[in-house]
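Just below is one structure, and these are the notes that go with it.
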Amino acid sequence: MARRENPEINAGSMADIAFLLLIFFLVTTTMNVDSGVSKKLSEKPPADYVPPVIKEKNIFEVSINRNNELLVEGERMDIKGLKEAAIAFIDNGGGEGKVENDIATGKCDYCRGEKSESSSDHPNKAIISVQSDRLTEYGTYIAVQDQLLRAYTVLRNRLSMDKYKISYTELEDAYKDNKSNQDLKKKVEFIKTSYPQIISDAEPTN
Amino acid sequence: MSKFRKKKKGMPAVNTAALPDIVFMLLFFFMVTTTMRETSLQIDTPRLPSAQEVKKLEHKSLVTTIYVGKAKDTKYGTSFNRIQLNDKIATADEVPAFIINARSKVSEEEVPFMTTSIKADKECSVGTIVDVRLKLRDVNALKISYSAGASID
């Protein structure tokens, strides 16, 4: 065996390693992306706008007072129970759905609620109204919005799972990656219209 | 075997040819990760509320940010309800002008996709947010996002 003494370290590939690292970090570093609860405001109603009459049973009232306490449908409730209560309300399916462009949606055949007479008729008629006080803490307000949105997500995921064997969240992601896919678009639209998010913000109390 | 015997003995110098590469790498790394803050905050960095149903904001150039929180300068009081637009503390009445100004910076077909991000401290009151929201509705800036950190149950 030949004994090599003080062989020079081969540094030729050093640049490659450096570039590899550079590319690795380039790919993995996420710039702090802004995220938030998105919401679409309703348009400003015209001055002579008369709000439609909505049956009491189709409105799910959530009030938050200035001590950040919740009143849901006339009962005090902890914020943790709000999601379940909202699910029960949206998914009740006690009557006929709304009629739009002369197409009646009929009974809710995918609802699994109690079909109670005193709760909502159909998910597309179920309105959640959030009334807060001007002095309510913003953190609580967002927590309430979050709980309500989660209720919708649970229901959408369930329906999507039943129909397409894939959760709505994944379905939506797949659609986002491939916007031109008409099939996916149809599916997303269907789930969206089956459980439309109708959360309205009532004028706050003083 | 004797063919491979080294002629030189003694310590070879460390090869520094790759040093520029490393330096460039660091340079690029910091160039990429540094986010430029175009507005200096006049309020304390808002402690964002947390929520699970958060969506990422896409198209940074189409996002206008309104900050709400406690002013750094105590002459504005110590409540958490100060609104910051651009570089200064403002009132809700100045929101429409701010939005219209932001709109003028993007092309017309992109205006409907503009989002207003409200970065508010979790201790601020809903009244302030509602005031801002009403003003946003007046100028038809209907897409809003309440900035929140993602939380895992």
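By order in the structure tokens, chains are A, B, ...; within a chain, residues start at 1; ligands start at 1, following the order shown.
Every protein, DNA or RNA residue with an atom at most 8 Å from B:Thr64, where only C-alpha atoms count and chain neighbours fewer than 5 positions away do not, is listed here: B:Ile99, B:Ala102, B:Met114, B:Thr115, B:Thr116, B:Ser117.
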Write a file of the selected residues as an mmCIF file, in the first residue's frame, keeping N, CA and C atoms.
data_model
loop_
_atom_site.group_PDB
_atom_site.id
_atom_site.type_symbol
_atom_site.label_atom_id
_atom_site.label_comp_id
_atom_site.auth_asym_id
_atom_site.auth_seq_id
_atom_site.Cartn_x
_atom_site.Cartn_y
_atom_site.Cartn_z
ATOM 1 N N ILE B 99 -58.159 54.252 0.934
ATOM 2 C CA ILE B 99 -58.463 53.147 0.016
ATOM 3 C C ILE B 99 -58.411 53.638 -1.431
ATOM 4 N N ALA B 102 -54.957 53.915 -2.489
ATOM 5 C CA ALA B 102 -54.349 52.604 -2.739
ATOM 6 C C ALA B 102 -54.801 52.058 -4.088
ATOM 7 N N MET B 114 -58.788 43.550 -4.948
ATOM 8 C CA MET B 114 -58.052 44.136 -3.831
ATOM 9 C C MET B 114 -58.658 43.710 -2.500
ATOM 10 N N THR B 115 -57.794 43.426 -1.572
ATOM 11 C CA THR B 115 -58.239 42.995 -0.255
ATOM 12 C C THR B 115 -57.721 43.987 0.783
ATOM 13 N N THR B 116 -58.531 44.249 1.758
ATOM 14 C CA THR B 116 -58.078 45.092 2.856
ATOM 15 C C THR B 116 -57.814 44.181 4.045
ATOM 16 N N SER B 117 -56.605 44.234 4.521
ATOM 17 C CA SER B 117 -56.263 43.398 5.665
ATOM 18 C C SER B 117 -56.310 44.268 6.917
#
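Contact shell of A:Glu8 at 8 Å (only C-alpha atoms; same-chain neighbours under 2 positions omitted): Asn6 and Asn10 of chain A; Pro12 of chain B.
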Taking all heavy atoms for each residue, export the selection above as an mmCIF file, in the first residue's frame.
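Resulting contents of again35.cif:
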data_model
loop_
_atom_site.group_PDB
_atom_site.id
_atom_site.type_symbol
_atom_site.label_atom_id
_atom_site.label_comp_id
_atom_site.auth_asym_id
_atom_site.auth_seq_id
_atom_site.Cartn_x
_atom_site.Cartn_y
_atom_site.Cartn_z
ATOM 1 N N ASN A 6 -0.242 13.987 3.826
ATOM 2 C CA ASN A 6 -0.882 15.289 3.690
ATOM 3 C C ASN A 6 -1.532 15.496 2.320
ATOM 4 O O ASN A 6 -1.141 16.381 1.574
ATOM 5 C CB ASN A 6 0.117 16.418 3.917
ATOM 6 C CG ASN A 6 0.552 16.474 5.358
ATOM 7 O OD1 ASN A 6 -0.232 16.153 6.256
ATOM 8 N ND2 ASN A 6 1.804 16.843 5.578
ATOM 9 N N ASN A 10 -9.922 17.954 -1.492
ATOM 10 C CA ASN A 10 -10.487 18.376 -2.760
ATOM 11 C C ASN A 10 -11.613 19.369 -2.520
ATOM 12 O O ASN A 10 -12.637 19.038 -1.938
ATOM 13 C CB ASN A 10 -11.011 17.147 -3.513
ATOM 14 C CG ASN A 10 -11.492 17.521 -4.878
ATOM 15 O OD1 ASN A 10 -11.438 18.695 -5.268
ATOM 16 N ND2 ASN A 10 -11.976 16.544 -5.610
ATOM 17 N N PRO B 12 -0.262 21.639 3.021
ATOM 18 C CA PRO B 12 -0.822 22.373 1.881
ATOM 19 C C PRO B 12 -1.734 23.499 2.396
ATOM 20 O O PRO B 12 -2.300 23.375 3.474
ATOM 21 C CB PRO B 12 -1.630 21.315 1.148
ATOM 22 C CG PRO B 12 -1.993 20.344 2.193
ATOM 23 C CD PRO B 12 -0.959 20.401 3.276
#
Please, which residues in stretch 16-117 of chain B fall within 9 Å of stretch 122-144 of chain A when counting only C-alpha atoms, and what is the closest atom pair and distance in Å to one decimal for each, ordered by chain then residue number, as CSV?
residue,atom,partner,partner_atom,distance
B:Leu48,CA,A:Gly139,CA,8.0
B:Pro49,CA,A:Gly139,CA,5.2
B:Ser50,CA,A:Ala143,CA,7.4
B:Ala51,CA,A:Ala143,CA,6.3
B:Gln52,CA,A:Ala143,CA,8.9
Atoms kept (all heavy atoms) for selection, written as an mmCIF file, in the first residue's frame:
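Dumped to part.cif:
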data_model
loop_
_atom_site.group_PDB
_atom_site.id
_atom_site.type_symbol
_atom_site.label_atom_id
_atom_site.label_comp_id
_atom_site.auth_asym_id
_atom_site.auth_seq_id
_atom_site.Cartn_x
_atom_site.Cartn_y
_atom_site.Cartn_z
ATOM 1 N N LEU B 48 -51.991 39.726 17.335
ATOM 2 C CA LEU B 48 -53.099 39.263 16.505
ATOM 3 C C LEU B 48 -53.899 38.191 17.223
ATOM 4 O O LEU B 48 -53.336 37.389 17.963
ATOM 5 C CB LEU B 48 -52.549 38.703 15.187
ATOM 6 C CG LEU B 48 -51.818 39.693 14.297
ATOM 7 C CD1 LEU B 48 -51.252 38.972 13.093
ATOM 8 C CD2 LEU B 48 -52.742 40.802 13.849
ATOM 9 N N PRO B 49 -55.212 38.194 17.007
ATOM 10 C CA PRO B 49 -56.002 37.098 17.565
ATOM 11 C C PRO B 49 -55.687 35.813 16.819
ATOM 12 O O PRO B 49 -55.098 35.855 15.744
ATOM 13 C CB PRO B 49 -57.439 37.545 17.314
ATOM 14 C CG PRO B 49 -57.354 38.455 16.155
ATOM 15 C CD PRO B 49 -56.013 39.113 16.214
ATOM 16 N N SER B 50 -56.037 34.691 17.383
ATOM 17 C CA SER B 50 -55.761 33.455 16.656
ATOM 18 C C SER B 50 -57.071 32.790 16.252
ATOM 19 O O SER B 50 -58.084 32.903 16.926
ATOM 20 C CB SER B 50 -54.920 32.514 17.503
ATOM 21 O OG SER B 50 -55.529 32.330 18.744
ATOM 22 N N ALA B 51 -57.014 32.120 15.134
ATOM 23 C CA ALA B 51 -58.197 31.458 14.608
ATOM 24 C C ALA B 51 -57.743 30.235 13.827
ATOM 25 O O ALA B 51 -56.572 30.119 13.474
ATOM 26 C CB ALA B 51 -58.973 32.402 13.700
ATOM 27 N N GLN B 52 -58.669 29.336 13.596
ATOM 28 C CA GLN B 52 -58.297 28.127 12.867
ATOM 29 C C GLN B 52 -58.614 28.241 11.383
ATOM 30 O O GLN B 52 -57.895 27.735 10.547
ATOM 31 C CB GLN B 52 -59.044 26.944 13.471
ATOM 32 C CG GLN B 52 -58.261 25.659 13.343
ATOM 33 C CD GLN B 52 -58.972 24.537 14.064
ATOM 34 O OE1 GLN B 52 -60.185 24.382 13.997
ATOM 35 N NE2 GLN B 52 -58.217 23.732 14.773
#
Check: which chain B residues lie within 6 Å of chain A using only C-alpha atoms, as an MDAnalysis selection string: chainID B and resid 18 21:22 25 49 51 53:57 122:127 142:148
Just-selected residues, C-alpha atoms written as a PDB file, in the first residue's frame:
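File produced: again29.pdb:
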ATOM      1  CA  ALA B  18     -15.126  28.367  -2.487  1.00  0.00           C
ATOM      2  CA  ASP B  21     -19.557  31.053  -3.054  1.00  0.00           C
ATOM      3  CA  ILE B  22     -20.327  30.876   0.623  1.00  0.00           C
ATOM      4  CA  MET B  25     -24.915  32.251  -0.603  1.00  0.00           C
ATOM      5  CA  PRO B  49     -56.002  37.098  17.565  1.00  0.00           C
ATOM      6  CA  ALA B  51     -58.197  31.458  14.608  1.00  0.00           C
ATOM      7  CA  GLU B  53     -60.142  29.029   9.702  1.00  0.00           C
ATOM      8  CA  VAL B  54     -57.465  31.265   8.299  1.00  0.00           C
ATOM      9  CA  LYS B  55     -56.768  31.792   4.653  1.00  0.00           C
ATOM     10  CA  LYS B  56     -53.524  32.966   3.227  1.00  0.00           C
ATOM     11  CA  LEU B  57     -53.541  36.321   1.563  1.00  0.00           C
ATOM     12  CA  LYS B 122     -56.949  41.423  20.047  1.00  0.00           C
ATOM     13  CA  GLU B 123     -57.746  43.870  22.814  1.00  0.00           C
ATOM     14  CA  CYS B 124     -59.170  46.557  20.591  1.00  0.00           C
ATOM     15  CA  SER B 125     -62.917  46.949  20.619  1.00  0.00           C
ATOM     16  CA  VAL B 126     -65.316  45.777  17.953  1.00  0.00           C
ATOM     17  CA  GLY B 127     -66.745  49.300  17.671  1.00  0.00           C
ATOM     18  CA  LEU B 142     -65.761  44.623   0.172  1.00  0.00           C
ATOM     19  CA  LYS B 143     -63.053  42.031   0.447  1.00  0.00           C
ATOM     20  CA  ILE B 144     -61.535  42.154   3.861  1.00  0.00           C
ATOM     21  CA  SER B 145     -59.399  39.874   5.911  1.00  0.00           C
ATOM     22  CA  TYR B 146     -59.093  40.021   9.658  1.00  0.00           C
ATOM     23  CA  SER B 147     -55.471  39.225  10.159  1.00  0.00           C
ATOM     24  CA  ALA B 148     -55.076  36.344  12.571  1.00  0.00           C
TER      25      ALA B 148
END
Distance in Å - atom CA of B:Ser104 versus atom CA of B:Val63: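 Distance reported for this atom pair: 13.0 Å.
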Between atom CA of B:Gln42 and atom CA of B:Ile129, distance in Å (one decimal): 17.9 Å
Secondary structure check, strand (DSSP E) residues of stretch 19-197 of chain A, as a ChimeraX atom specification: /A:35-40,59-64,70-72,75-77,99-100,103-104,127-133
Spatial neighbours of B:Tyr67, 7 Å, only C-alpha atoms, chain gap at least 6 places, as a VMD selection string: chain B and resid 83 to 85 118 to 120
Export of the given selection (N, CA and C atoms) as a PDB file, in the first residue's frame:
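Contents of result-v2.pdb, as written:
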ATOM      1  N   ILE B  83     -56.177  53.944  14.980  1.00  0.00           N
ATOM      2  CA  ILE B  83     -56.084  53.393  13.625  1.00  0.00           C
ATOM      3  C   ILE B  83     -54.869  53.998  12.946  1.00  0.00           C
ATOM      4  N   GLN B  84     -54.090  53.165  12.310  1.00  0.00           N
ATOM      5  CA  GLN B  84     -52.961  53.700  11.566  1.00  0.00           C
ATOM      6  C   GLN B  84     -53.139  53.441  10.080  1.00  0.00           C
ATOM      7  N   LEU B  85     -53.075  54.515   9.298  1.00  0.00           N
ATOM      8  CA  LEU B  85     -53.127  54.404   7.841  1.00  0.00           C
ATOM      9  C   LEU B  85     -51.818  54.983   7.332  1.00  0.00           C
ATOM     10  N   ILE B 118     -57.086  43.843   7.876  1.00  0.00           N
ATOM     11  CA  ILE B 118     -57.176  44.614   9.117  1.00  0.00           C
ATOM     12  C   ILE B 118     -56.319  43.920  10.163  1.00  0.00           C
ATOM     13  N   LYS B 119     -55.226  44.566  10.501  1.00  0.00           N
ATOM     14  CA  LYS B 119     -54.355  43.994  11.521  1.00  0.00           C
ATOM     15  C   LYS B 119     -54.668  44.690  12.828  1.00  0.00           C
ATOM     16  N   ALA B 120     -55.485  44.061  13.608  1.00  0.00           N
ATOM     17  CA  ALA B 120     -55.916  44.710  14.838  1.00  0.00           C
ATOM     18  C   ALA B 120     -55.472  43.916  16.048  1.00  0.00           C
TER      19      ALA B 120
END
For B:Arg82, work out the shell of residues within 7 Å, counting only C-alpha atoms and skipping chain neighbours fewer than 3 positions away, then give it as a short mmCIF file (atom, residue, chain, number, x, y, z; two decimals) with N, CA and C atoms, in the first residue's frame.
data_model
loop_
_atom_site.label_atom_id
_atom_site.label_comp_id
_atom_site.auth_asym_id
_atom_site.auth_seq_id
_atom_site.Cartn_x
_atom_site.Cartn_y
_atom_site.Cartn_z
N VAL B 68 -54.72 48.56 13.66
CA VAL B 68 -55.46 49.08 14.79
C VAL B 68 -54.78 48.59 16.05
N GLY B 69 -54.54 49.48 16.97
CA GLY B 69 -53.89 49.08 18.22
C GLY B 69 -53.55 50.27 19.08
N LYS B 70 -52.65 50.06 20.00
CA LYS B 70 -52.30 51.13 20.93
C LYS B 70 -51.18 51.98 20.34
N ALA B 71 -51.37 53.29 20.36
CA ALA B 71 -50.36 54.18 19.78
C ALA B 71 -49.10 54.17 20.64
N ILE B 89 -51.19 58.06 12.53
CA ILE B 89 -52.42 57.73 13.24
C ILE B 89 -53.56 58.53 12.61
#
Alpha helix (DSSP H) per DSSP on the backbone: members of stretch 44-180 of chain A, as number ranges by chain: A: 82-90, 138-164, 168-177
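For the pair atom CA of A:Ala86 and atom CA of A:Lys115, the separation is 14.4 Å.
If you count only C-alpha atoms and ignore residues fewer than 6 places along the chain from A:Cys108, what sits within 12 Å of it is A:Ile90, A:Asp91, A:Asn92, A:Gly93, A:Gly94, A:Gly95, A:Glu96, A:Gly97, A:Lys98, A:Glu114, A:Lys115, A:Ser120, A:Asp121, A:His122, A:Pro123, A:Asn124, A:Lys125, A:Ala126, A:Leu159, A:Ser194, A:Tyr195.
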Among the residues B:Met11, B:Ile66, B:Ala17, B:Met31, the one that comes closest to B:Pro46 [using only C-alpha atoms]: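 So, comparing all the options, the nearest one is B:Ile66.
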Residue with smallest distance to B:Val95 - pool B:Thr78, B:Pro112, B:Ser107, B:Leu134, counting only C-alpha atoms: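 For B:Val95, the nearest of the candidates is B:Leu134.
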